[in-house]
Amino acid sequence: MTEEALGWQTLARDGEARAGLLRTRRGAFETPVFMPVGTLGSVKGVRFEELEAEDLDARIILGNTYHLWLRPGADVIRACGGLHRFIGWRRAMLTDSGGFQVFSLSHMRRVSEEGVEFRAHTDGRQCFLSPEVSMEVQAALGSDIVMAFDECPPGRATHEAARVSLELTARWARRSRTRFDELQREGADAGRQGSGDKVEGADAEVESLNGRQAIFGIVQGATHLDLRRESLERTVGVGFDGYAIGGLSVGEEKAVMYDVVEHVAPLMPEGRPRYLMGVGTPEDLVECVARGVDMFDCVIPTRNGRNGQAFTSRGRLNIKNARWTTDARPLDEACTCAVCRRHSRAYLRHLYMTGEMLAAVLLSHHNLAFFLDTMRRVRQAIRSGEFARFRREFLVGLDSGVE
RNA sequence: GCAGGGGUGGUCGAGUGGUUAAUGGCACCGGGCUGUAAACCCGGCGGGUUCACACCCUACGUAGGUUCGAAUCCUACCCCCUGCA
């Protein structure tokens, strides 16, 4: 028996790229992994059966503290047995802390040492979010991986602003850890495993985990490498089950983002999973795996799918374009997802142009399939020592353009 | 037949003498979206020449007229709607 709430071990390395096995209390799966985003307890437009089906096979999804706290409320979800039971998802779940909303709703908030005062985007009422509140809400949600409460500065934050922000995040990391541990001891975790809950696909390794929630710390520092290093040291000093790089893809140049990841990821603890928050496009995933990242999440496949954009092995395809009006081919001729096996571009365009919700459903499905399949191929390439070649060919493919 | 109302750009619909190639909506064409305030947002949308500024044509049922100037006023005609016969 282990005392860990989460385990990660390297299966193979290829340059900085790592293939690993991540064990959570709700299932073990290989990394690098992409986590579909389900902010409000729903991966928008995609049923859980589909997420579990072979062409997607998502092993872990995201939920959001801030959004679920506002609606339906932590008490409701606790009363319903935690987020997993509430939404009907048995596999792993990671919850974001609400830290990102401090950034994205920045014009309706006030940040202080204690926490953040918000005006709820839903009805404008005054709310207060802090490391303690975030941990309490995430305990009520009972997610498998909890994120520390951080502050995410804009990508172009100055050195001085990024330093102030990073230091606040570091203090909040300590408070997050402290309150998180108290809540685990108090048994506040609504998703606690080991008391008779049958975990689908659980194996001996997973059952050897202690059944508690795990918690990840978040490295900030904007684009300033010295601050990133300092933030990393301080976060590791607190001690977490895994570490995330936050504050990227928030307005900075793409080359700068890659540069930050390239400098930070290899410095992150070798034996812990590394999670790049909110990233990214297919090329971002591959490029950041190459720099040592293990976990990703992004709204792009579902949001862009809803908005008519498909990701394919030859780049992006805008289903709205008139050129597809009578095109009988699937979105991506190299894709074997349920949507590509059955439907033509012409039909998908028709659905989109007529406002049928099925367009959003099918495009979201395909996009998730493409992202998840890309990660499968990434893992396989790393394990067979052919990641460099895969990376090169994948990027050439994306650049070749949809015909 | 008489009385009243009306015919505007792909479409619906504003505009009742002058910054009107003509407000809006829809449709259409294109672009964007990275820890989801997003089934959303932004641009274009009569034709032609131009990289562009710009210029030229054609347009508010049809044909005339009044006026420096007309989608807007007048006359005739065509068509549509409503009521009465």
# chains A, B, ... in the order shown; residues from 1 in each chain; ligands from 1
>>> select_by_dssp(residues="stretch 221-392 of chain A", states="strand (DSSP E or B)", output="list in words")
Gly242, Tyr243, Ala244, Ile245, Arg274, Tyr275, Leu276, Met295, Phe296, Asp297, Cys298, Gln309, Ala310, Phe311, Thr312, Gly315, Arg316, Leu317 and Asn318 of chain A
>>> write_last_selection(atoms="C-alpha atoms", output="PDB file, in the first residue's frame")
ATOM      1  CA  GLY A 242       2.015  17.297  -9.699  1.00  0.00           C
ATOM      2  CA  TYR A 243       2.998  20.648 -11.158  1.00  0.00           C
ATOM      3  CA  ALA A 244       1.383  22.881 -13.703  1.00  0.00           C
ATOM      4  CA  ILE A 245       2.613  25.686 -15.888  1.00  0.00           C
ATOM      5  CA  ARG A 274       3.801  18.174 -15.661  1.00  0.00           C
ATOM      6  CA  TYR A 275       0.658  19.918 -16.779  1.00  0.00           C
ATOM      7  CA  LEU A 276       0.523  22.839 -19.208  1.00  0.00           C
ATOM      8  CA  MET A 295      -0.779  16.831 -19.524  1.00  0.00           C
ATOM      9  CA  PHE A 296      -2.864  19.342 -21.465  1.00  0.00           C
ATOM     10  CA  ASP A 297      -6.342  20.756 -21.535  1.00  0.00           C
ATOM     11  CA  CYS A 298      -7.947  23.194 -23.921  1.00  0.00           C
ATOM     12  CA  GLN A 309     -13.946  24.827 -37.361  1.00  0.00           C
ATOM     13  CA  ALA A 310     -12.593  21.304 -37.717  1.00  0.00           C
ATOM     14  CA  PHE A 311      -9.038  20.278 -36.914  1.00  0.00           C
ATOM     15  CA  THR A 312      -7.580  17.792 -39.338  1.00  0.00           C
ATOM     16  CA  GLY A 315      -4.720  21.731 -40.857  1.00  0.00           C
ATOM     17  CA  ARG A 316      -7.916  23.543 -40.037  1.00  0.00           C
ATOM     18  CA  LEU A 317     -11.079  23.246 -42.081  1.00  0.00           C
ATOM     19  CA  ASN A 318     -13.803  25.862 -41.869  1.00  0.00           C
TER      20      ASN A 318
END
>>> select_by_dssp(residues="stretch 265-374 of chain A", states="helix (DSSP H, G or I)", output="ChimeraX atom specification")
/A:265-267,282-289,300-306,322-324,338-342,345-353,357-374
>>> write_last_selection(atoms="N, CA and C atoms", output="short mmCIF file (atom, residue, chain, number, x, y, z; two decimals), in the first residue's frame")
data_model
loop_
_atom_site.label_atom_id
_atom_site.label_comp_id
_atom_site.auth_asym_id
_atom_site.auth_seq_id
_atom_site.Cartn_x
_atom_site.Cartn_y
_atom_site.Cartn_z
N ALA A 265 9.77 23.36 -18.18
CA ALA A 265 9.37 21.95 -18.04
C ALA A 265 10.51 21.04 -17.59
N PRO A 266 11.69 21.14 -18.20
CA PRO A 266 12.77 20.23 -17.81
C PRO A 266 13.23 20.42 -16.36
N LEU A 267 12.93 21.60 -15.80
CA LEU A 267 13.32 21.86 -14.41
C LEU A 267 12.30 21.33 -13.41
N PRO A 282 -3.27 21.65 -31.95
CA PRO A 282 -2.56 20.38 -32.18
C PRO A 282 -1.04 20.58 -32.24
N GLU A 283 -0.60 21.63 -32.92
CA GLU A 283 0.85 21.83 -33.00
C GLU A 283 1.43 22.18 -31.63
N ASP A 284 0.67 22.93 -30.83
CA ASP A 284 1.12 23.25 -29.47
C ASP A 284 1.33 21.99 -28.65
N LEU A 285 0.40 21.05 -28.77
CA LEU A 285 0.50 19.83 -27.98
C LEU A 285 1.80 19.10 -28.31
N VAL A 286 2.04 18.92 -29.58
CA VAL A 286 3.22 18.17 -29.99
C VAL A 286 4.50 18.93 -29.62
N GLU A 287 4.48 20.23 -29.86
CA GLU A 287 5.66 21.04 -29.54
C GLU A 287 5.95 21.06 -28.04
N CYS A 288 4.92 21.04 -27.24
CA CYS A 288 5.14 21.11 -25.80
C CYS A 288 5.43 19.74 -25.20
N VAL A 289 4.93 18.68 -25.80
CA VAL A 289 5.37 17.34 -25.41
C VAL A 289 6.87 17.24 -25.65
N ILE A 300 -10.32 24.52 -27.10
CA ILE A 300 -10.32 24.70 -28.54
C ILE A 300 -11.09 23.62 -29.33
N PRO A 301 -10.91 22.35 -29.04
CA PRO A 301 -11.63 21.39 -29.88
C PRO A 301 -13.14 21.53 -29.78
N THR A 302 -13.65 21.80 -28.60
CA THR A 302 -15.10 21.92 -28.47
C THR A 302 -15.59 23.30 -28.87
N ARG A 303 -14.92 24.33 -28.44
CA ARG A 303 -15.40 25.68 -28.80
C ARG A 303 -15.32 25.89 -30.31
N ASN A 304 -14.16 25.59 -30.90
CA ASN A 304 -14.02 25.79 -32.33
C ASN A 304 -14.95 24.86 -33.10
N GLY A 305 -15.18 23.68 -32.56
CA GLY A 305 -16.13 22.77 -33.19
C GLY A 305 -17.52 23.41 -33.22
N ARG A 306 -17.94 23.94 -32.10
CA ARG A 306 -19.25 24.61 -32.06
C ARG A 306 -19.30 25.77 -33.04
N ALA A 322 -18.00 27.83 -48.63
CA ALA A 322 -18.86 27.39 -49.74
C ALA A 322 -18.22 26.24 -50.52
N ARG A 323 -16.89 26.15 -50.45
CA ARG A 323 -16.22 25.12 -51.26
C ARG A 323 -16.61 23.69 -50.87
N TRP A 324 -17.20 23.51 -49.69
CA TRP A 324 -17.55 22.15 -49.26
C TRP A 324 -19.00 21.78 -49.58
N ALA A 338 -16.02 8.35 -35.40
CA ALA A 338 -17.40 8.00 -35.77
C ALA A 338 -17.98 8.99 -36.77
N VAL A 339 -17.64 10.26 -36.64
CA VAL A 339 -18.17 11.28 -37.54
C VAL A 339 -17.58 11.12 -38.94
N CYS A 340 -16.27 10.93 -39.00
CA CYS A 340 -15.62 10.78 -40.31
C CYS A 340 -15.99 9.47 -41.00
N ARG A 341 -16.35 8.46 -40.21
CA ARG A 341 -16.76 7.19 -40.82
C ARG A 341 -18.13 7.31 -41.48
N ARG A 342 -18.95 8.25 -41.00
CA ARG A 342 -20.34 8.28 -41.46
C ARG A 342 -20.73 9.49 -42.32
N ARG A 345 -18.44 16.24 -45.59
CA ARG A 345 -18.30 17.68 -45.36
C ARG A 345 -19.57 18.40 -45.81
N ALA A 346 -20.13 17.96 -46.92
CA ALA A 346 -21.34 18.60 -47.46
C ALA A 346 -22.46 18.57 -46.42
N TYR A 347 -22.64 17.41 -45.79
CA TYR A 347 -23.71 17.28 -44.80
C TYR A 347 -23.42 18.13 -43.57
N LEU A 348 -22.18 18.09 -43.11
CA LEU A 348 -21.82 18.87 -41.92
C LEU A 348 -21.99 20.37 -42.19
N ARG A 349 -21.61 20.77 -43.40
CA ARG A 349 -21.80 22.18 -43.75
C ARG A 349 -23.29 22.53 -43.75
N HIS A 350 -24.08 21.66 -44.33
CA HIS A 350 -25.53 21.89 -44.35
C HIS A 350 -26.07 22.03 -42.92
N LEU A 351 -25.64 21.14 -42.04
CA LEU A 351 -26.11 21.21 -40.65
C LEU A 351 -25.70 22.53 -40.01
N TYR A 352 -24.46 22.93 -40.26
CA TYR A 352 -23.97 24.17 -39.65
C TYR A 352 -24.74 25.38 -40.19
N MET A 353 -24.87 25.42 -41.52
CA MET A 353 -25.50 26.58 -42.15
C MET A 353 -26.97 26.72 -41.77
N MET A 357 -28.19 21.90 -34.20
CA MET A 357 -27.25 21.68 -33.10
C MET A 357 -26.36 20.46 -33.36
N LEU A 358 -26.82 19.58 -34.22
CA LEU A 358 -26.01 18.40 -34.52
C LEU A 358 -24.67 18.78 -35.16
N ALA A 359 -24.62 19.90 -35.84
CA ALA A 359 -23.35 20.36 -36.42
C ALA A 359 -22.32 20.54 -35.31
N ALA A 360 -22.71 21.24 -34.26
CA ALA A 360 -21.80 21.48 -33.14
C ALA A 360 -21.41 20.17 -32.47
N VAL A 361 -22.37 19.29 -32.34
CA VAL A 361 -22.13 17.99 -31.70
C VAL A 361 -21.10 17.20 -32.52
N LEU A 362 -21.32 17.11 -33.81
CA LEU A 362 -20.46 16.28 -34.65
C LEU A 362 -19.06 16.88 -34.80
N LEU A 363 -18.99 18.20 -34.95
CA LEU A 363 -17.67 18.83 -35.09
C LEU A 363 -16.89 18.74 -33.78
N SER A 364 -17.56 18.89 -32.66
CA SER A 364 -16.88 18.76 -31.36
C SER A 364 -16.35 17.34 -31.20
N HIS A 365 -17.17 16.41 -31.59
CA HIS A 365 -16.77 15.00 -31.48
C HIS A 365 -15.52 14.74 -32.33
N HIS A 366 -15.59 15.17 -33.57
CA HIS A 366 -14.43 14.94 -34.44
C HIS A 366 -13.18 15.61 -33.88
N ASN A 367 -13.32 16.86 -33.46
CA ASN A 367 -12.14 17.58 -32.97
C ASN A 367 -11.54 16.88 -31.75
N LEU A 368 -12.38 16.45 -30.83
CA LEU A 368 -11.85 15.74 -29.67
C LEU A 368 -11.18 14.45 -30.12
N ALA A 369 -11.80 13.76 -31.07
CA ALA A 369 -11.20 12.52 -31.58
C ALA A 369 -9.82 12.81 -32.16
N PHE A 370 -9.72 13.91 -32.89
CA PHE A 370 -8.43 14.24 -33.51
C PHE A 370 -7.39 14.55 -32.43
N PHE A 371 -7.77 15.32 -31.45
CA PHE A 371 -6.83 15.66 -30.37
C PHE A 371 -6.40 14.41 -29.59
N LEU A 372 -7.39 13.60 -29.23
CA LEU A 372 -7.09 12.42 -28.41
C LEU A 372 -6.28 11.40 -29.21
N ASP A 373 -6.60 11.28 -30.49
CA ASP A 373 -5.85 10.35 -31.32
C ASP A 373 -4.42 10.85 -31.53
N THR A 374 -4.28 12.16 -31.68
CA THR A 374 -2.94 12.73 -31.80
C THR A 374 -2.11 12.36 -30.57
#
>>> closest_atom_pairs(of="chain B", to="chain A", cutoff="9 Å", atoms="only C-alpha atoms (C1' of nucleotides)", output="CSV")
residue,atom,partner,partner_atom,distance
B:C29,C1',A:Ala322,CA,8.1
B:G30,C1',A:Asn321,CA,8.1
B:C33,C1',A:Asn304,CA,6.4
B:U34,C1',A:Gly280,CA,4.6
B:G35,C1',A:Gly278,CA,4.3
B:U36,C1',A:Val299,CA,6.3
B:A37,C1',A:His121,CA,5.5
B:A38,C1',A:Arg303,CA,7.5
B:A39,C1',A:Arg306,CA,5.6
B:C40,C1',A:Asn307,CA,7.3
>>> write_last_selection(atoms="N, CA and C atoms (P, O5', C5', C4', C3', O3' and C1' of nucleotides)", output="mmCIF file, in the first residue's frame")
data_model
loop_
_atom_site.group_PDB
_atom_site.id
_atom_site.type_symbol
_atom_site.label_atom_id
_atom_site.label_comp_id
_atom_site.auth_asym_id
_atom_site.auth_seq_id
_atom_site.Cartn_x
_atom_site.Cartn_y
_atom_site.Cartn_z
ATOM 1 P P C B 29 -22.243 31.009 -48.396
ATOM 2 O "O5'" C B 29 -21.104 32.112 -48.602
ATOM 3 C "C5'" C B 29 -20.632 32.424 -49.898
ATOM 4 C "C4'" C B 29 -19.528 33.454 -49.792
ATOM 5 C "C3'" C B 29 -18.447 33.137 -48.772
ATOM 6 O "O3'" C B 29 -17.501 32.199 -49.263
ATOM 7 C "C1'" C B 29 -19.118 35.376 -48.505
ATOM 8 P P G B 30 -16.820 31.206 -48.196
ATOM 9 O "O5'" G B 30 -15.859 32.149 -47.342
ATOM 10 C "C5'" G B 30 -14.683 32.671 -47.921
ATOM 11 C "C4'" G B 30 -14.088 33.747 -47.043
ATOM 12 C "C3'" G B 30 -13.595 33.327 -45.664
ATOM 13 O "O3'" G B 30 -12.357 32.645 -45.716
ATOM 14 C "C1'" G B 30 -14.725 35.386 -45.495
ATOM 15 P P C B 33 -7.408 32.316 -33.727
ATOM 16 O "O5'" C B 33 -8.336 32.192 -32.414
ATOM 17 C "C5'" C B 33 -8.441 33.249 -31.433
ATOM 18 C "C4'" C B 33 -9.684 32.964 -30.615
ATOM 19 C "C3'" C B 33 -9.570 31.691 -29.775
ATOM 20 O "O3'" C B 33 -9.953 31.927 -28.430
ATOM 21 C "C1'" C B 33 -11.491 31.607 -31.203
ATOM 22 P P U B 34 -8.873 32.013 -27.236
ATOM 23 O "O5'" U B 34 -8.188 30.568 -27.137
ATOM 24 C "C5'" U B 34 -8.948 29.435 -26.711
ATOM 25 C "C4'" U B 34 -8.008 28.460 -26.022
ATOM 26 C "C3'" U B 34 -7.288 29.061 -24.810
ATOM 27 O "O3'" U B 34 -7.299 28.216 -23.677
ATOM 28 C "C1'" U B 34 -5.718 28.242 -26.414
ATOM 29 P P G B 35 -8.719 27.759 -22.948
ATOM 30 O "O5'" G B 35 -8.459 26.764 -21.726
ATOM 31 C "C5'" G B 35 -7.516 27.166 -20.713
ATOM 32 C "C4'" G B 35 -7.812 26.314 -19.520
ATOM 33 C "C3'" G B 35 -8.849 26.931 -18.591
ATOM 34 O "O3'" G B 35 -10.114 26.367 -18.924
ATOM 35 C "C1'" G B 35 -6.833 26.453 -17.407
ATOM 36 P P U B 36 -11.485 26.880 -17.947
ATOM 37 O "O5'" U B 36 -12.012 28.179 -18.692
ATOM 38 C "C5'" U B 36 -12.108 28.202 -20.142
ATOM 39 C "C4'" U B 36 -13.239 29.118 -20.513
ATOM 40 C "C3'" U B 36 -14.396 28.985 -19.495
ATOM 41 O "O3'" U B 36 -14.665 30.128 -18.693
ATOM 42 C "C1'" U B 36 -15.068 28.293 -21.740
ATOM 43 P P A B 37 -14.701 31.648 -19.013
ATOM 44 O "O5'" A B 37 -15.956 32.202 -18.209
ATOM 45 C "C5'" A B 37 -16.367 33.508 -18.379
ATOM 46 C "C4'" A B 37 -17.739 33.521 -18.964
ATOM 47 C "C3'" A B 37 -17.707 33.672 -20.497
ATOM 48 O "O3'" A B 37 -18.293 32.583 -21.190
ATOM 49 C "C1'" A B 37 -18.998 35.398 -19.443
ATOM 50 P P A B 38 -19.720 31.991 -21.323
ATOM 51 O "O5'" A B 38 -19.950 31.804 -22.881
ATOM 52 C "C5'" A B 38 -20.035 32.929 -23.740
ATOM 53 C "C4'" A B 38 -20.219 32.504 -25.165
ATOM 54 C "C3'" A B 38 -20.146 31.012 -25.444
ATOM 55 O "O3'" A B 38 -21.034 30.728 -26.502
ATOM 56 C "C1'" A B 38 -18.256 32.123 -26.379
ATOM 57 P P A B 39 -21.866 29.431 -26.682
ATOM 58 O "O5'" A B 39 -22.383 29.561 -28.176
ATOM 59 C "C5'" A B 39 -21.527 29.368 -29.289
ATOM 60 C "C4'" A B 39 -22.335 28.828 -30.430
ATOM 61 C "C3'" A B 39 -23.679 29.521 -30.619
ATOM 62 O "O3'" A B 39 -23.537 30.606 -31.498
ATOM 63 C "C1'" A B 39 -23.995 27.187 -30.545
ATOM 64 P P C B 40 -24.561 31.872 -31.447
ATOM 65 O "O5'" C B 40 -23.635 33.052 -30.897
ATOM 66 C "C5'" C B 40 -23.457 33.236 -29.505
ATOM 67 C "C4'" C B 40 -22.067 33.752 -29.226
ATOM 68 C "C3'" C B 40 -21.625 34.902 -30.117
ATOM 69 O "O3'" C B 40 -22.128 36.133 -29.627
ATOM 70 C "C1'" C B 40 -19.909 33.305 -30.032
#
>>> residues_around(residues="A:Glu151", least_positions_apart="3", cutoff="7 Å", atoms="only C-alpha atoms (C1' of nucleotides)", output="PDB file with C-alpha atoms, in the first residue's frame")
ATOM      1  CA  GLY A  99      -7.741  31.076 -10.750  1.00  0.00           C
ATOM      2  CA  VAL A 102      -9.575  35.854 -11.902  1.00  0.00           C
ATOM      3  CA  SER A 165       1.622  38.193  -8.981  1.00  0.00           C
ATOM      4  CA  THR A 169       0.422  32.878  -6.123  1.00  0.00           C
TER       5      THR A 169
END
>>> residues_around(residues="A:Glu230", least_positions_apart="4", cutoff="9 Å", atoms="only C-alpha atoms (C1' of nucleotides)", output="short mmCIF file (atom, residue, chain, number, x, y, z; two decimals) with N, CA and C atoms, in the first residue's frame")
data_model
loop_
_atom_site.label_atom_id
_atom_site.label_comp_id
_atom_site.auth_asym_id
_atom_site.auth_seq_id
_atom_site.Cartn_x
_atom_site.Cartn_y
_atom_site.Cartn_z
N LEU A 166 3.36 36.52 -8.95
CA LEU A 166 3.98 35.23 -8.62
C LEU A 166 4.09 35.03 -7.11
N VAL A 219 2.86 26.96 -11.52
CA VAL A 219 3.99 27.86 -11.72
C VAL A 219 3.55 29.06 -12.55
N GLY A 221 4.71 33.51 -13.46
CA GLY A 221 5.91 34.29 -13.80
C GLY A 221 5.88 34.86 -15.20
N LEU A 225 11.83 34.40 -17.56
CA LEU A 225 12.38 33.08 -17.23
C LEU A 225 12.91 33.02 -15.81
N ASP A 226 13.52 34.11 -15.33
CA ASP A 226 14.03 34.09 -13.95
C ASP A 226 12.88 33.95 -12.97
N ARG A 234 9.58 27.85 -5.55
CA ARG A 234 8.69 28.10 -4.42
C ARG A 234 7.50 27.14 -4.42
N THR A 235 7.02 26.80 -5.60
CA THR A 235 5.90 25.86 -5.68
C THR A 235 6.33 24.46 -5.24
#
>>> residues_around(residues="stretch 6-19 of chain B", least_positions_apart="4", cutoff="7 Å", atoms="only C-alpha atoms (C1' of nucleotides)", output="ChimeraX atom specification")
/B:23,46,60-61,69-72
>>> write_last_selection(atoms="N, CA and C atoms (P, O5', C5', C4', C3', O3' and C1' of nucleotides)", output="PDB file, in the first residue's frame")
ATOM      1  P     U B  23     -27.562  51.598 -45.964  1.00  0.00           P
ATOM      2  O5'   U B  23     -27.939  51.761 -44.425  1.00  0.00           O
ATOM      3  C5'   U B  23     -27.499  52.908 -43.707  1.00  0.00           C
ATOM      4  C4'   U B  23     -28.182  52.938 -42.365  1.00  0.00           C
ATOM      5  C3'   U B  23     -28.261  51.591 -41.647  1.00  0.00           C
ATOM      6  O3'   U B  23     -27.058  51.298 -40.949  1.00  0.00           O
ATOM      7  C1'   U B  23     -30.382  52.611 -41.612  1.00  0.00           C
ATOM      8  P     G B  46     -22.962  46.126 -51.987  1.00  0.00           P
ATOM      9  O5'   G B  46     -23.583  46.005 -53.446  1.00  0.00           O
ATOM     10  C5'   G B  46     -24.427  44.927 -53.750  1.00  0.00           C
ATOM     11  C4'   G B  46     -24.763  44.958 -55.226  1.00  0.00           C
ATOM     12  C3'   G B  46     -23.554  44.935 -56.151  1.00  0.00           C
ATOM     13  O3'   G B  46     -23.102  43.623 -56.376  1.00  0.00           O
ATOM     14  C1'   G B  46     -24.985  46.680 -56.792  1.00  0.00           C
ATOM     15  P     C B  60     -34.687  52.991 -60.087  1.00  0.00           P
ATOM     16  O5'   C B  60     -35.533  52.701 -58.769  1.00  0.00           O
ATOM     17  C5'   C B  60     -35.425  51.432 -58.156  1.00  0.00           C
ATOM     18  C4'   C B  60     -36.226  51.391 -56.892  1.00  0.00           C
ATOM     19  C3'   C B  60     -37.387  52.388 -56.830  1.00  0.00           C
ATOM     20  O3'   C B  60     -38.554  51.684 -56.416  1.00  0.00           O
ATOM     21  C1'   C B  60     -35.872  52.716 -55.013  1.00  0.00           C
ATOM     22  P     G B  61     -40.027  52.137 -57.032  1.00  0.00           P
ATOM     23  O5'   G B  61     -40.219  51.255 -58.348  1.00  0.00           O
ATOM     24  C5'   G B  61     -39.837  49.871 -58.337  1.00  0.00           C
ATOM     25  C4'   G B  61     -40.488  49.184 -59.511  1.00  0.00           C
ATOM     26  C3'   G B  61     -40.448  49.992 -60.805  1.00  0.00           C
ATOM     27  O3'   G B  61     -39.247  49.733 -61.509  1.00  0.00           O
ATOM     28  C1'   G B  61     -42.655  49.263 -60.385  1.00  0.00           C
ATOM     29  P     G B  69     -32.179  70.525 -61.713  1.00  0.00           P
ATOM     30  O5'   G B  69     -31.843  69.676 -60.408  1.00  0.00           O
ATOM     31  C5'   G B  69     -30.637  68.894 -60.380  1.00  0.00           C
ATOM     32  C4'   G B  69     -30.465  68.263 -59.021  1.00  0.00           C
ATOM     33  C3'   G B  69     -31.618  67.363 -58.576  1.00  0.00           C
ATOM     34  O3'   G B  69     -31.467  66.060 -59.103  1.00  0.00           O
ATOM     35  C1'   G B  69     -31.026  68.818 -56.819  1.00  0.00           C
ATOM     36  P     A B  70     -32.831  65.218 -59.355  1.00  0.00           P
ATOM     37  O5'   A B  70     -33.465  64.928 -57.922  1.00  0.00           O
ATOM     38  C5'   A B  70     -32.770  64.187 -56.918  1.00  0.00           C
ATOM     39  C4'   A B  70     -33.725  63.163 -56.329  1.00  0.00           C
ATOM     40  C3'   A B  70     -34.154  62.130 -57.359  1.00  0.00           C
ATOM     41  O3'   A B  70     -34.155  60.840 -56.786  1.00  0.00           O
ATOM     42  C1'   A B  70     -36.046  63.366 -56.597  1.00  0.00           C
ATOM     43  P     A B  71     -33.325  59.749 -56.494  1.00  0.00           P
ATOM     44  O5'   A B  71     -34.214  58.568 -55.884  1.00  0.00           O
ATOM     45  C5'   A B  71     -35.054  57.787 -56.712  1.00  0.00           C
ATOM     46  C4'   A B  71     -36.186  57.204 -55.905  1.00  0.00           C
ATOM     47  C3'   A B  71     -37.200  58.241 -55.419  1.00  0.00           C
ATOM     48  O3'   A B  71     -38.197  58.437 -56.381  1.00  0.00           O
ATOM     49  C1'   A B  71     -36.510  56.849 -53.620  1.00  0.00           C
ATOM     50  P     U B  72     -39.218  59.710 -56.231  1.00  0.00           P
ATOM     51  O5'   U B  72     -40.011  59.318 -54.910  1.00  0.00           O
ATOM     52  C5'   U B  72     -41.016  60.148 -54.375  1.00  0.00           C
ATOM     53  C4'   U B  72     -40.733  60.443 -52.924  1.00  0.00           C
ATOM     54  C3'   U B  72     -41.106  61.858 -52.518  1.00  0.00           C
ATOM     55  O3'   U B  72     -42.211  61.806 -51.622  1.00  0.00           O
ATOM     56  C1'   U B  72     -38.956  61.208 -51.678  1.00  0.00           C
TER      57        U B  72
END
>>> atom_distance(atom1="atom CA of A:Thr24", atom2="atom CA of A:Leu6")
5.0 Å
>>> residues_around(residues="A:Arg156", least_positions_apart="4", cutoff="8 Å", atoms="only C-alpha atoms (C1' of nucleotides)", output="list in words")
Ala222, Thr223, Gly251 and Glu252 of chain A
